[in-house]
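Data block below; observations after.
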Amino acid sequence: MTTVEDMLATYPADLGEVDRAKLTRCIEECIACAQACTACADACLSEGMVGELTKCIRTDMDCADICTTTASVLSRHTGYDANITRAMLQACAIACKACADECGTHADQHEHCRLCARACRSCQQACEELLGALG
């Protein structure tokens, strides 16, 4: 079991009809994506061509913040509001797609961008799958 699974298992109230596997995966993917985006933005700042990576850095930072917030919202269940959860998942999927697309344009030159784009695509997929499971 992962820490996310362990923490979900300790929640004293019923989580309802939510697919725990999809919820767990989504939280984990959001956390991993936030880390990848933060590291990619930092690596971009260390590149000699940093001026050409401005949009990538901004997109990385936005995606990292949105993923972190989404993981936090998904980790809270007391007073659950499905509309907020859906909005966060939609925003996260959109941010991840934008970041994956932007990092993808630099993936041939920078390994950190390639890895970040992969993490973003995985997180986007997890958000879309959980969103679909919520109905």
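In the structure tokens, the first chain shown is A, the next is B, and so on; residue numbers restart at 1 for each chain, and ligands run from 1 in the order shown.
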Show me, as an mmCIF file with N, CA and C atoms, in the first residue's frame, the residues that have an atom within 6 Å of stretch 26-41 of chain A when counting only C-alpha atoms, minus same-chain residues fewer than 5 positions from it.
data_model
loop_
_atom_site.group_PDB
_atom_site.id
_atom_site.type_symbol
_atom_site.label_atom_id
_atom_site.label_comp_id
_atom_site.auth_asym_id
_atom_site.auth_seq_id
_atom_site.Cartn_x
_atom_site.Cartn_y
_atom_site.Cartn_z
ATOM 1 N N ILE A 57 8.816 27.641 -18.445
ATOM 2 C CA ILE A 57 8.959 27.839 -17.002
ATOM 3 C C ILE A 57 7.628 28.265 -16.393
ATOM 4 N N ASP A 60 5.188 25.345 -16.456
ATOM 5 C CA ASP A 60 5.593 24.381 -15.417
ATOM 6 C C ASP A 60 5.115 24.838 -14.045
ATOM 7 N N ALA A 64 2.388 22.987 -11.728
ATOM 8 C CA ALA A 64 2.786 22.486 -10.401
ATOM 9 C C ALA A 64 1.830 22.981 -9.324
ATOM 10 N N CYS A 67 -1.619 21.238 -9.792
ATOM 11 C CA CYS A 67 -1.545 19.828 -9.376
ATOM 12 C C CYS A 67 -1.482 19.700 -7.856
ATOM 13 N N THR A 68 -0.705 20.551 -7.208
ATOM 14 C CA THR A 68 -0.605 20.511 -5.748
ATOM 15 C C THR A 68 -1.961 20.801 -5.110
ATOM 16 N N ALA A 71 -4.362 17.823 -5.657
ATOM 17 C CA ALA A 71 -4.062 16.722 -4.733
ATOM 18 C C ALA A 71 -4.606 17.036 -3.338
ATOM 19 N N HIS A 112 14.801 16.942 -19.169
ATOM 20 C CA HIS A 112 13.868 17.313 -18.100
ATOM 21 C C HIS A 112 12.505 17.685 -18.687
ATOM 22 N N CYS A 116 9.052 15.702 -17.895
ATOM 23 C CA CYS A 116 7.943 16.502 -17.380
ATOM 24 C C CYS A 116 6.703 16.307 -18.248
ATOM 25 N N ALA A 119 5.096 13.068 -17.338
ATOM 26 C CA ALA A 119 4.381 13.145 -16.055
ATOM 27 C C ALA A 119 3.066 13.908 -16.215
ATOM 28 N N CYS A 120 3.091 14.964 -17.009
ATOM 29 C CA CYS A 120 1.874 15.754 -17.235
ATOM 30 C C CYS A 120 0.810 14.948 -17.973
ATOM 31 N N CYS A 123 -0.728 12.493 -15.537
ATOM 32 C CA CYS A 123 -1.618 13.163 -14.591
ATOM 33 C C CYS A 123 -2.918 13.578 -15.283
ATOM 34 N N ALA A 126 -5.082 10.555 -15.515
ATOM 35 C CA ALA A 126 -5.641 10.180 -14.214
ATOM 36 C C ALA A 126 -6.782 11.112 -13.819
ATOM 37 N N CYS A 127 -6.627 12.404 -14.076
ATOM 38 C CA CYS A 127 -7.697 13.368 -13.770
ATOM 39 C C CYS A 127 -8.938 13.087 -14.617
#
*Write out as a PyMOL selection string all residues of chain A that DSSP puts in helix (DSSP H, G or I) for this structure's backbone.*
chain A and resi 3-10+20-46+50-75+82-104+111-134
*Write out as a ChimeraX atom specification the residues lying within 10 Å of A:Ala87, counting only C-alpha atoms and excluding same-chain residues fewer than 6 positions away.*
/A:70,93,131
*Between atom CA of A:Val18 and atom CA of A:Ser72, what is the distance, to one decimal in Å?*
16.4 Å
_Minimum-distance residue to A:Cys63, chosen among A:Lys22, A:Ile94, A:Pro12, A:Ala133 (using only C-alpha atoms)_ =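 Looking at the shortest contact to A:Cys63, the residue is A:Ile94.
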*What gap, in Å, lies between atom CA of A:Cys44 and atom CA of A:Gln109?*
11.1 Å
*In terms of the shortest atom-to-atom distance over only C-alpha atoms, which of A:Ala43, A:Cys92, A:Ala98, A:Met49 is closest to A:Asp65?*
A:Cys92
*Looking at only C-alpha atoms, which of A:Thr2, A:Cys99, A:Gly79, A:Leu130 is the one that sits closest to A:Leu115?*
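Looking only at the distances to A:Leu115, the closest residue turns out to be A:Cys99.
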*asked:* Give me, as a ChimeraX atom specification, all polymer residues having an atom no more than 9 Å from A:Leu45, counting only C-alpha atoms and skipping those fewer than 6 positions away in the same chain.
replied: /A:51,53-54,57
*Given the choices A:Leu74, A:Ala117, A:Ala107, A:Arg25, which gets closest to A:Thr59 if the distance is worked out from only C-alpha atoms?*
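Among the listed residues, the smallest separation from A:Thr59 belongs to A:Ala117.
Nearest to A:Cys56 of all the residues A:Thr78, A:Glu102, A:Gln125, A:Cys96 is A:Glu102, based on only C-alpha atoms.
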_For a quick check of understanding, using only C-alpha atoms, which of A:Arg121, A:Gly16, A:Leu89, A:Glu5 has the smallest distance to A:Gly104?_
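Closest to A:Gly104 of all the choices is A:Arg121.
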